[in-house]
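Shown here: target.cif, mmCIF, C-alpha atoms.
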data_run
loop_
_atom_site.group_PDB
_atom_site.id
_atom_site.type_symbol
_atom_site.label_atom_id
_atom_site.label_comp_id
_atom_site.auth_asym_id
_atom_site.auth_seq_id
_atom_site.Cartn_x
_atom_site.Cartn_y
_atom_site.Cartn_z
ATOM 1 C CA MET A 1 -99.644 -123.791 40.753
ATOM 2 C CA SER A 2 -102.892 -124.624 42.486
ATOM 3 C CA ARG A 3 -105.945 -122.408 42.060
ATOM 4 C CA PHE A 4 -108.941 -123.699 43.998
ATOM 5 C CA LEU A 5 -112.434 -122.597 44.903
ATOM 6 C CA LEU A 6 -114.032 -124.078 48.030
ATOM 7 C CA ILE A 7 -117.839 -124.228 48.115
ATOM 8 C CA GLY A 8 -120.065 -125.685 50.787
ATOM 9 C CA PRO A 9 -123.146 -124.969 52.865
ATOM 10 C CA PRO A 10 -122.978 -123.116 56.188
ATOM 11 C CA GLY A 11 -121.648 -125.477 58.845
ATOM 12 C CA ALA A 12 -119.799 -127.778 56.426
ATOM 13 C CA GLY A 13 -116.400 -126.739 57.792
ATOM 14 C CA LYS A 14 -115.190 -124.583 54.887
ATOM 15 C CA GLY A 15 -113.112 -122.284 57.095
ATOM 16 C CA THR A 16 -111.327 -125.162 58.804
ATOM 17 C CA GLN A 17 -110.690 -127.008 55.535
ATOM 18 C CA ALA A 18 -109.554 -123.811 53.776
ATOM 19 C CA THR A 19 -106.838 -123.307 56.407
ATOM 20 C CA LEU A 20 -105.654 -126.933 56.214
ATOM 21 C CA LEU A 21 -105.649 -127.035 52.399
ATOM 22 C CA ALA A 22 -103.812 -123.724 52.166
ATOM 23 C CA GLN A 23 -101.099 -125.160 54.417
ATOM 24 C CA ALA A 24 -100.921 -128.417 52.438
ATOM 25 C CA TYR A 25 -100.542 -126.592 49.109
ATOM 26 C CA SER A 26 -98.493 -123.637 50.452
ATOM 27 C CA ILE A 27 -101.009 -121.144 49.057
ATOM 28 C CA PRO A 28 -103.046 -118.404 50.719
ATOM 29 C CA ALA A 29 -106.643 -119.076 51.747
ATOM 30 C CA ILE A 30 -108.560 -116.021 50.577
ATOM 31 C CA SER A 31 -112.051 -115.167 51.760
ATOM 32 C CA THR A 32 -113.934 -112.069 50.702
ATOM 33 C CA GLY A 33 -114.512 -111.248 54.378
ATOM 34 C CA ASP A 34 -110.745 -111.265 54.979
ATOM 35 C CA ILE A 35 -110.193 -109.098 51.897
ATOM 36 C CA PHE A 36 -112.772 -106.568 53.091
ATOM 37 C CA ARG A 37 -111.320 -106.442 56.616
ATOM 38 C CA ALA A 38 -107.707 -106.111 55.396
ATOM 39 C CA ASN A 39 -108.555 -103.256 53.024
ATOM 40 C CA VAL A 40 -110.684 -101.457 55.617
ATOM 41 C CA LYS A 41 -107.917 -101.800 58.225
ATOM 42 C CA ALA A 42 -105.255 -100.559 55.783
ATOM 43 C CA GLU A 43 -107.600 -97.718 54.749
ATOM 44 C CA THR A 44 -106.979 -98.387 51.054
ATOM 45 C CA PRO A 45 -109.203 -96.447 48.633
ATOM 46 C CA LEU A 46 -111.164 -99.661 47.963
ATOM 47 C CA GLY A 47 -111.346 -100.348 51.715
ATOM 48 C CA VAL A 48 -112.697 -96.877 52.474
ATOM 49 C CA GLU A 49 -115.365 -97.355 49.809
ATOM 50 C CA ALA A 50 -116.276 -100.833 51.112
ATOM 51 C CA LYS A 51 -116.422 -99.572 54.714
ATOM 52 C CA GLY A 52 -119.145 -97.098 53.768
ATOM 53 C CA PHE A 53 -121.402 -99.936 52.598
ATOM 54 C CA MET A 54 -120.502 -102.170 55.536
ATOM 55 C CA ASP A 55 -121.147 -99.404 58.088
ATOM 56 C CA ARG A 56 -124.620 -98.917 56.620
ATOM 57 C CA GLY A 57 -125.270 -102.669 56.874
ATOM 58 C CA GLU A 58 -125.459 -102.988 53.085
ATOM 59 C CA TYR A 59 -123.911 -105.578 50.804
ATOM 60 C CA VAL A 60 -120.723 -104.485 49.106
ATOM 61 C CA PRO A 61 -121.695 -104.231 45.403
ATOM 62 C CA ASP A 62 -120.338 -106.787 42.929
ATOM 63 C CA SER A 63 -118.274 -104.154 41.114
ATOM 64 C CA LEU A 64 -116.372 -103.238 44.286
ATOM 65 C CA THR A 65 -116.078 -106.861 45.434
ATOM 66 C CA ASN A 66 -114.652 -107.757 42.009
ATOM 67 C CA ASP A 67 -112.089 -104.938 42.261
ATOM 68 C CA LEU A 68 -111.042 -106.083 45.737
ATOM 69 C CA VAL A 69 -110.631 -109.702 44.576
ATOM 70 C CA ARG A 70 -108.733 -108.631 41.454
ATOM 71 C CA ASP A 71 -106.364 -106.601 43.647
ATOM 72 C CA ARG A 72 -105.891 -109.475 46.130
ATOM 73 C CA LEU A 73 -105.168 -112.085 43.453
ATOM 74 C CA ALA A 74 -102.517 -109.795 41.976
ATOM 75 C CA GLN A 75 -100.545 -109.769 45.241
ATOM 76 C CA GLN A 76 -97.259 -111.663 45.343
ATOM 77 C CA ASP A 77 -98.362 -114.501 47.640
ATOM 78 C CA ALA A 78 -101.298 -115.411 45.371
ATOM 79 C CA LEU A 79 -99.336 -115.534 42.114
ATOM 80 C CA ALA A 80 -98.316 -119.169 42.681
ATOM 81 C CA GLY A 81 -101.867 -120.221 43.578
ATOM 82 C CA PHE A 82 -104.685 -119.618 46.027
ATOM 83 C CA LEU A 83 -107.799 -121.075 47.598
ATOM 84 C CA LEU A 84 -110.909 -118.896 47.312
ATOM 85 C CA ASP A 85 -113.695 -119.123 49.880
ATOM 86 C CA GLY A 86 -116.804 -116.963 49.487
ATOM 87 C CA TYR A 87 -116.140 -115.733 45.961
ATOM 88 C CA PRO A 88 -117.576 -116.049 43.391
ATOM 89 C CA ARG A 89 -121.159 -116.094 44.701
ATOM 90 C CA THR A 90 -123.022 -115.149 41.522
ATOM 91 C CA ARG A 91 -122.926 -116.023 37.825
ATOM 92 C CA ASP A 92 -121.592 -112.502 37.076
ATOM 93 C CA GLN A 93 -118.791 -113.007 39.603
ATOM 94 C CA VAL A 94 -117.877 -116.310 37.901
ATOM 95 C CA LEU A 95 -117.438 -114.405 34.635
ATOM 96 C CA GLU A 96 -115.419 -111.722 36.416
ATOM 97 C CA LEU A 97 -113.140 -114.346 37.990
ATOM 98 C CA ASP A 98 -112.692 -115.926 34.545
ATOM 99 C CA ASP A 99 -111.627 -112.496 33.283
ATOM 100 C CA ILE A 100 -109.243 -111.893 36.214
ATOM 101 C CA LEU A 101 -107.545 -115.273 35.738
ATOM 102 C CA GLY A 102 -107.710 -115.159 31.945
ATOM 103 C CA SER A 103 -105.706 -111.925 31.867
ATOM 104 C CA ASP A 104 -102.728 -114.098 32.946
ATOM 105 C CA ASN A 105 -103.829 -117.121 30.879
ATOM 106 C CA ASN A 106 -104.887 -118.935 34.057
ATOM 107 C CA GLU A 107 -108.052 -120.687 35.193
ATOM 108 C CA LEU A 108 -109.313 -122.514 38.263
ATOM 109 C CA ASP A 109 -107.783 -125.970 38.651
ATOM 110 C CA SER A 110 -110.562 -127.388 40.786
ATOM 111 C CA VAL A 111 -113.756 -126.496 42.598
ATOM 112 C CA ILE A 112 -114.028 -128.403 45.874
ATOM 113 C CA LEU A 113 -117.685 -128.928 46.755
ATOM 114 C CA LEU A 114 -118.255 -129.988 50.361
ATOM 115 C CA LYS A 115 -121.564 -131.840 50.574
ATOM 116 C CA ALA A 116 -123.400 -132.700 53.752
ATOM 117 C CA ASP A 117 -126.835 -133.756 54.943
ATOM 118 C CA PRO A 118 -128.781 -130.527 55.678
ATOM 119 C CA ASP A 119 -130.336 -131.920 58.871
ATOM 120 C CA GLU A 120 -126.911 -132.886 60.207
ATOM 121 C CA LEU A 121 -125.600 -129.398 59.419
ATOM 122 C CA VAL A 122 -128.554 -127.822 61.229
ATOM 123 C CA ARG A 123 -127.783 -129.986 64.299
ATOM 124 C CA ARG A 124 -124.103 -128.998 64.082
ATOM 125 C CA LEU A 125 -124.893 -125.278 63.807
ATOM 126 C CA LEU A 126 -127.468 -125.385 66.616
ATOM 127 C CA ASN A 127 -124.852 -127.014 68.876
ATOM 128 C CA ARG A 128 -122.284 -124.377 67.888
ATOM 129 C CA ALA A 129 -124.826 -121.613 68.550
ATOM 130 C CA LYS A 130 -125.508 -123.030 72.008
ATOM 131 C CA GLU A 131 -121.782 -123.372 72.808
ATOM 132 C CA GLN A 132 -121.007 -119.841 71.594
ATOM 133 C CA GLY A 133 -124.133 -118.221 73.003
ATOM 134 C CA ARG A 134 -125.511 -117.178 69.622
ATOM 135 C CA ALA A 135 -129.179 -116.724 70.515
ATOM 136 C CA ASP A 136 -130.016 -115.419 67.031
ATOM 137 C CA ASP A 137 -128.899 -118.679 65.368
ATOM 138 C CA THR A 138 -132.269 -120.395 65.595
ATOM 139 C CA GLU A 139 -133.230 -123.457 63.577
ATOM 140 C CA GLU A 140 -135.417 -121.270 61.351
ATOM 141 C CA VAL A 141 -132.544 -118.850 60.624
ATOM 142 C CA ILE A 142 -130.102 -121.695 59.982
ATOM 143 C CA ARG A 143 -132.494 -123.468 57.599
ATOM 144 C CA HIS A 144 -133.075 -120.171 55.770
ATOM 145 C CA ARG A 145 -129.289 -119.767 55.311
ATOM 146 C CA GLN A 146 -129.152 -123.303 53.905
ATOM 147 C CA THR A 147 -131.900 -122.444 51.384
ATOM 148 C CA VAL A 148 -130.168 -119.200 50.360
ATOM 149 C CA TYR A 149 -126.909 -121.130 49.905
ATOM 150 C CA LEU A 150 -128.605 -123.713 47.658
ATOM 151 C CA ASP A 151 -130.328 -121.017 45.592
ATOM 152 C CA GLN A 152 -127.134 -118.995 45.150
ATOM 153 C CA THR A 153 -124.644 -121.784 44.536
ATOM 154 C CA ALA A 154 -126.631 -124.180 42.345
ATOM 155 C CA PRO A 155 -125.978 -122.057 39.223
ATOM 156 C CA LEU A 156 -122.242 -121.833 40.054
ATOM 157 C CA ILE A 157 -121.956 -125.584 40.542
ATOM 158 C CA GLU A 158 -123.707 -126.057 37.180
ATOM 159 C CA ILE A 159 -121.183 -123.802 35.422
ATOM 160 C CA TYR A 160 -118.139 -125.436 36.988
ATOM 161 C CA SER A 161 -119.533 -128.965 36.551
ATOM 162 C CA ALA A 162 -119.895 -128.283 32.831
ATOM 163 C CA ARG A 163 -116.172 -127.450 32.822
ATOM 164 C CA GLY A 164 -115.402 -130.776 34.523
ATOM 165 C CA ILE A 165 -113.534 -129.263 37.471
ATOM 166 C CA VAL A 166 -115.901 -129.969 40.394
ATOM 167 C CA VAL A 167 -114.722 -132.451 43.021
ATOM 168 C CA GLU A 168 -117.568 -133.525 45.325
ATOM 169 C CA ILE A 169 -116.479 -134.379 48.851
ATOM 170 C CA ASP A 170 -118.479 -135.786 51.766
ATOM 171 C CA GLY A 171 -118.055 -132.964 54.286
ATOM 172 C CA LEU A 172 -119.210 -134.964 57.317
ATOM 173 C CA GLY A 173 -116.841 -136.765 59.665
ATOM 174 C CA GLN A 174 -113.722 -135.879 61.597
ATOM 175 C CA VAL A 175 -111.797 -132.858 60.292
ATOM 176 C CA GLY A 176 -108.772 -134.989 59.356
ATOM 177 C CA GLU A 177 -110.941 -137.501 57.501
ATOM 178 C CA VAL A 178 -112.539 -134.771 55.390
ATOM 179 C CA THR A 179 -109.123 -133.224 54.652
ATOM 180 C CA GLU A 180 -107.798 -136.619 53.583
ATOM 181 C CA ARG A 181 -110.782 -137.123 51.241
ATOM 182 C CA ILE A 182 -110.106 -133.746 49.630
ATOM 183 C CA LEU A 183 -106.354 -134.357 49.268
ATOM 184 C CA ASN A 184 -106.939 -137.819 47.775
ATOM 185 C CA ALA A 185 -109.485 -136.454 45.272
ATOM 186 C CA LEU A 186 -107.198 -133.596 44.220
ATOM 187 C CA THR A 187 -104.157 -135.880 43.965
ATOM 188 C CA ALA A 188 -106.189 -138.211 41.726
ATOM 189 C CA ARG A 189 -106.682 -135.187 39.435
ATOM 190 C CA GLY A 190 -102.917 -134.559 39.351
ATOM 191 C CA LEU A 191 -103.033 -131.761 41.947
ATOM 192 C CA SER A 192 -100.738 -133.079 44.667
ATOM 193 C CA PRO A 193 -100.064 -131.050 47.816
ATOM 194 C CA ALA A 194 -96.735 -129.328 48.400
ATOM 195 C CA ILE A 195 -96.046 -131.235 51.631
#
Reformat the file's structure so that it appears as structure tokens.
Amino acid sequence: MSRFLLIGPPGAGKGTQATLLAQAYSIPAISTGDIFRANVKAETPLGVEAKGFMDRGEYVPDSLTNDLVRDRLAQQDALAGFLLDGYPRTRDQVLELDDILGSDNNELDSVILLKADPDELVRRLLNRAKEQGRADDTEEVIRHRQTVYLDQTAPLIEIYSARGIVVEIDGLGQVGEVTERILNALTARGLSPAI
């Protein structure tokens, strides 16, 4: 079983790496955005409730997000492991995830922290914004997102570092190089991929 959390600043390539790692370990990559969209599309009771907040442009409250994650991690494909991206985001969500996993006597195996030079990430995101025609992704907005990320995740990294499960990875370079760094670091911790 492999239970991972992937953390990294905007532009560090989390989505790309999540997909590749999920394939390597034969586990689902689970993002809160995907969970929200799947429940809304299926019109589950939790999805209907979440849709109300989303339609009003509000954040989905922690209590509902926790319920959605609890439900998703109980599904058959996640029982043998998973890779979380985007949850937990707060100290309270860390405790909730501990509770969810602890109910089955499980815990996270590793927290993969993608690190990258903020200025390089800003350049990367500005290029992506230009290529994709995202006029609202200005340097000011991107730098603000970086600051919010640092403020929100620093406490989480502290918690998981104290548990000795954080693996810091240089997130810059070719996609394959970054994936190889992650796989090597996890293998060194006794968490070898399935392939």
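Pairwise distance (atom CA of Leu121 of chain A, atom CA of Thr19 of chain A) equals 20.0 Å.
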* Pull out every residue that the PyMOL selection byres ((chain A and resi 146) around 9) matches in the shown coordinates and put them as a PyMOL selection string. => chain A and resi 9-10+118+121-122+141-145+147-151
* **Near-segment 44-55 of chain A list (9 Å; all atoms listed in the file; drop same-chain fewer than 4 positions) as a ChimeraX atom specification** => /A:35-40,59-61,64-65,67-68
* Might you pull out every residue within 9 Å of Ile165 of chain A, with all atoms listed in the file counted and same-chain residues fewer than 5 positions away left off, and present them as number ranges by chain? => A: 108-112, 160
* Asked: Taking into account only C-alpha atoms, which residue in the set A:Val166, A:Val69, A:Leu125, A:Leu95 is nearest to Leu6 of chain A?
  -> A:Val166
For Gly81 of chain A: contacts at 7 Å, all atoms listed in the file, fewer than 6 positions along chain excluded, given as a PDB file with C-alpha atoms, keeping the file's coordinate frame:
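See part15.pdb below for the written result:
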ATOM      1  CA  MET A   1     -99.644-123.791  40.753  1.00  0.00           C
ATOM      2  CA  SER A   2    -102.892-124.624  42.486  1.00  0.00           C
ATOM      3  CA  ARG A   3    -105.945-122.408  42.060  1.00  0.00           C
ATOM      4  CA  ILE A  27    -101.009-121.144  49.057  1.00  0.00           C
TER       5      ILE A  27
END
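Shortest atom-to-atom contact with Phe82 of chain A among A:Ala154, A:Leu172, A:Ala12, A:Leu21: A:Leu21, counting only C-alpha atoms.
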* Asked: Around (-113.7, -114.5, 46.9) in the file's frame, which residues reach within 7 Å when counting only C-alpha atoms? Return as a ChimeraX atom specification?
  -> /A:30-32,69,84-88
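If you look at atom CA of Glu140 of chain A and atom CA of Ile157 of chain A, they are 25.2 Å away from each other.
Taking only C-alpha atoms into account, Gln76 of chain A lies nearest to A:Pro28 out of the set A:Ala188, A:Pro28, A:Val175, A:Glu158.
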